[in-house]
Amino acid sequence: MKNIFKIFLLFALALNFAFAKDVLVVGIEGETKRLNPLYDEDHDPTLGLLFSGLTKHDENTKVVPDLAKSWEISEDGLEYVFTLRDDAYWHDGEKFSAEDVKFSIESAKDKTLNSPAIANYEMVKSVEILDPYKLKVTLNSPFPPFLDALSFGVLPKHLLEGKNIDSDKFNENPVGTGPYKFVEWKKGQSVEFVANEEYYATKPSIKRVFLKVVPDANVRLMQLKSGELDAALIDSSGVELAKSDKNLDVIKFDSADYRALMFNFNHEILKDRAVRVALNYFTDKDSIVKNLLHNQGIVAHNPIQKSFANDLSKKYSFDPKKGDEILTKAGWKKNKNGIYEKDGKTLSFDIYSFNSDPLRVAIANILSLELQKQGIDAKAYAKPKTAFKIADVDSFIIGWGSPFDPDFHTYRIFGSFADSDINENGWNYSHYKDENADEALKNARSTNDIEKRKAYYKEFLDAIYENPPYIFVAYLDFNLAHNKNLTGIKTQTLGHHGAGFLWNINEWKFKD
């Protein structure tokens with residue numbers, strides 16, 4: 001009897017091991033409110049598993065075909081004719097067609113749906129279906145990032161037409177054309193997927209995937225070491241510990257994701273240009289990258305540093321003497337406590353960060369301490385996301401950055417027309433207003449001449465140097481720690497919060 005039990009136990013263990021190789025558990029930082037690309041096209045990791053766009057980006061961040069097999073663009077940049085795949089199916093078995101693309105683009109530009117994606121589709125004049133797998137999109141004006149924008153997930157017309165997409169049950173039980181099908185969402189815990197056996201491209205090798213919500217990077221590392229997770233992004237402070245584990249490998253990803261101190265222009269003191277310029281000179285970015293990030297990143301000088309339009313001809317260096325000269329000239333003098341004072345008011349403000357993000361908390365604390373040494377009464381506070389609104393606090397440790405066209409994380413962030421006080425889809429939480437920046441951003445997105453675009457972005461960078469909305473601190477590297485038996489992972493320049501690290505998950509597999 002004992003021998004039979006041993007044989008049964010060995011068989012069960014072998015069966016479980018074989019099954020485990022078919023299951024992938026990935027730790028993720030957070031989850032979206034709706035599993036719908038119309039409402040979270042920025043950095044939710046679930047969307048790339050579920051949905052496909054007309055285009056996608058390869059490992060060099062180049063736009064390549066996806067649901068669109070090919071396209072032709074008119075010489076004036078106003079007409080795009082797309083030839084679509086005829087072998088793509090929705091997860092419920094219905095066939096994908098041009099009707100779905102037309103529906104998705106028109107939904108994205110529908111003002112009543114309050115989608116943040118609208119900024120990338122407001123220039124669409126019309127969408128005309130030429131046949132079931134061919135359509136023409138006409139723009140009112142050239143929009144160079146349009147092919148990048150079309151990487152957002154296409155939605156199924158047959159499931160959403162005539163419904164309130166904003167609140168429909170689809171958002172919790174989505175159907176896409178991507179490499180994985182939705183199974184179950186345990187909010188605050190995990191999202192489960194199963195391989196889409198009808199996927200038109202490289203079919204997934206791993207049959208089941210769980211995206212497990214683990215907000216704390218230190219906890220993600222612990223669960224990687226214990227085997228509870230197979231892969232997850234970890235903080236720079238944990239890289240050496242992960243590398244020392246015989247069961248883990250670490251892959252470094254470059255990113256366009258930066259951290260900065262956002263100034264609130266409604267704040268009486270921070271709206272003073274001289275103060276904001278001086279604060280930039282008081283910030284030792286090199287020290288933060290070296291000592292806090294352990295050189296897992298680079299110093300940030302502007303929001304498009306990782307793009308073709310980068311220009312570093314104007315940037316702030318660490319120069320406390322210069323900062324003091326600027327404040328003194330503006331009428332600020334240090335009082336008996338060593339704090340700058342003007343007209344009876346001290347130079348004081350609060351720095352907020354989310355307490356769920358250890359890196360932002362650390363940056364806030366470092367800036368607070370270092371600015372206090374320079375005579376600035378800057379206090380750091382780490383609170384839950386639900387405890388405050390970014391647009392209301394004095395200053396905030398913010399993060400943005402897109403690896404794609406420079407329009408994506410500039411137009412909606414630094415344009416006064418995107419001020420969150422007046423535009424519910426705007427990301428300008430600082431209430432920044434600069435006519436030169438506005439004009440440059442609008443011009444840069446409406447010409448196809450790349451040299452002119454570079455010139456316009458140079459004007460934009462000049463504007464935010466002269467009238468700084470932020471202290472740009474650092475661009476982050478991201479490190480993916482994973483089970484050594486997991487192969488097929490390819491790097492790509494990542495976006496905000498490491499968006500895109502699962503970009504080729506359909507090619508991941510466990511060693512036999």
# chains A, B, ... in the order shown; residues from 1 in each chain; ligands from 1
>>> select_by_dssp(residues="range 23-165 of chain A", states="alpha helix (DSSP H)", output="NGL selection string")
:A and (47-50 or 98-108 or 146-149 or 157-160)
>>> closest_atom_pairs(of="range 338-406 of chain A", to="range 39-56 of chain A", cutoff="12 Å", atoms="only C-alpha atoms", output="Markdown table")
| residue | atom | partner | partner_atom | distance |
| --- | --- | --- | --- | --- |
| A:Gly399 | CA | A:His43 | CA | 11.7 |
| A:Trp400 | CA | A:Asp42 | CA | 9.6 |
| A:Gly401 | CA | A:Asp42 | CA | 9.6 |
| A:Ser402 | CA | A:Asp42 | CA | 8.6 |
| A:Pro403 | CA | A:Asp42 | CA | 11.3 |
| A:Phe404 | CA | A:Lys56 | CA | 10.8 |
>>> write_last_selection(atoms="C-alpha atoms", output="PDB file, in the first residue's frame")
ATOM      1  CA  GLY A 399       5.721  60.591 -13.558  1.00  0.00           C
ATOM      2  CA  TRP A 400       5.118  60.642 -17.294  1.00  0.00           C
ATOM      3  CA  GLY A 401       6.863  59.537 -20.448  1.00  0.00           C
ATOM      4  CA  SER A 402       6.065  57.775 -23.706  1.00  0.00           C
ATOM      5  CA  PRO A 403       8.554  55.840 -25.856  1.00  0.00           C
ATOM      6  CA  PHE A 404       6.526  56.736 -28.928  1.00  0.00           C
TER       7      PHE A 404
END
>>> closest_atom_pairs(of="range 222-296 of chain A", to="range 406-421 of chain A", cutoff="12 Å", atoms="only C-alpha atoms", output="Markdown table")
| residue | atom | partner | partner_atom | distance |
| --- | --- | --- | --- | --- |
| A:Ala256 | CA | A:His409 | CA | 10.1 |
| A:Asp257 | CA | A:His409 | CA | 10.1 |
| A:Tyr258 | CA | A:His409 | CA | 10.9 |
| A:Met262 | CA | A:Ile413 | CA | 11.0 |
| A:Phe263 | CA | A:Phe414 | CA | 11.8 |
| A:Asn264 | CA | A:Asp419 | CA | 11.3 |
| A:Phe265 | CA | A:Asp419 | CA | 10.8 |
| A:Asn266 | CA | A:Asp421 | CA | 10.9 |
>>> closest_residue(among="A:Pro358, A:Ala232, A:Phe282, A:Asn365", to="Glu325 in chain A", atoms="only C-alpha atoms")
A:Phe282
>>> closest_residue(among="A:Leu24, A:Ile73, A:Ile206, A:Leu211", to="Leu147 in chain A", atoms="only C-alpha atoms")
A:Ile73
>>> closest_residue(among="A:Lys252, A:Glu172, A:Leu38, A:Leu150", to="Ile118 in chain A", atoms="only C-alpha atoms")
A:Leu38
>>> closest_residue(among="A:Ser287, A:Asn36, A:Asn483, A:Asn120", to="Phe170 in chain A", atoms="only C-alpha atoms")
A:Asn36
>>> closest_residue(among="A:Lys134, A:Gly178, A:Pro65, A:Glu128", to="Tyr89 in chain A", atoms="only C-alpha atoms")
A:Gly178
>>> closest_residue(among="A:His301, A:Lys322, A:His294, A:Lys334", to="Ala260 in chain A", atoms="only C-alpha atoms")
A:His301
>>> atom_distance(atom1="CA of Arg220 in chain A", atom2="CA of Leu292 in chain A")
19.1 Å
>>> residues_around(residues="Asn295 in chain A", least_positions_apart="4", cutoff="12 Å", atoms="only C-alpha atoms", output="PyMOL selection string")
chain A and resi 235-237+239+285-291+299+474-478
>>> residues_around(residues="Asn310 in chain A", least_positions_apart="5", cutoff="10 Å", atoms="only C-alpha atoms", output="list in words")
His301, Asn302, Pro303, Ile304, Gln305, Pro406, Lys454, Tyr457, Lys458 and Leu461 of chain A
>>> residues_around(residues="Tyr340 in chain A", least_positions_apart="2", cutoff="10 Å", atoms="only C-alpha atoms", output="MDAnalysis selection string")
chainID A and resid 324 327:328 331:338 342 345:348 374:377
